[in-house]
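*Asks:* Below is a structure I'd like to ask you about.
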Amino acid sequence: MAMMFPSFGEKKQKMQVYTIEECQNCHDKVKRPFQQGDYVYKEAGECQKCHGKKMITMVFGEEPQGKQQQAKSEQKAPPQSKQ
Ligand SMILES: [Zn+2]
């Protein structure tokens, strides 16, 4: 899985930022929306599965869903027949 790390501030597009919490005990990963004050290696509370300590292991931005590239066929000029 190739992961892109967008540089924040470079694009002014609205990016949804997510936080990955990982349990240090069972390595269960939870993806949740970024909250203010989140940073990597911050303690993220208790694991719901094993009650181990969770830690934030990743913070990343992702483009909102539903924004798909549309192939525009309009740009292709139709073949012109010379008169
Ligand atoms: Zn756990």
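Residue numbering restarts at 1 in every chain; chains get A, B, ... in the order shown in the structure tokens, and ligands count up from 1 in that same order.
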Skip Tyr39 of chain A itself and residues of its chain fewer than 4 positions away, then list as a ChimeraX atom specification all residues within 10 Å of it, counting only C-alpha atoms.
*Replies:* /A:19-20,34-35,43-44,55-59
*Asks:* Taking only C-alpha atoms and all ligand atoms into account, list the residues no farther than 8 Å from ligand 1, as a VMD selection string.
*Replies:* chain A and resid 22 to 28 46 to 54
*Asks:* Extract, using only C-alpha atoms, all DNA, RNA and protein residues at most 10 Å from Lys14 of chain A, discarding same-chain residues fewer than 6 positions from it, and format them as a PyMOL selection string.
*Replies:* chain A and resi 61-64
*Asks:* Which residue gives the smallest distance to Lys31 of chain A among A:Gly45, A:Met15, A:Phe60, A:Gln83, with only C-alpha atoms counted?
*Replies:* A:Phe60
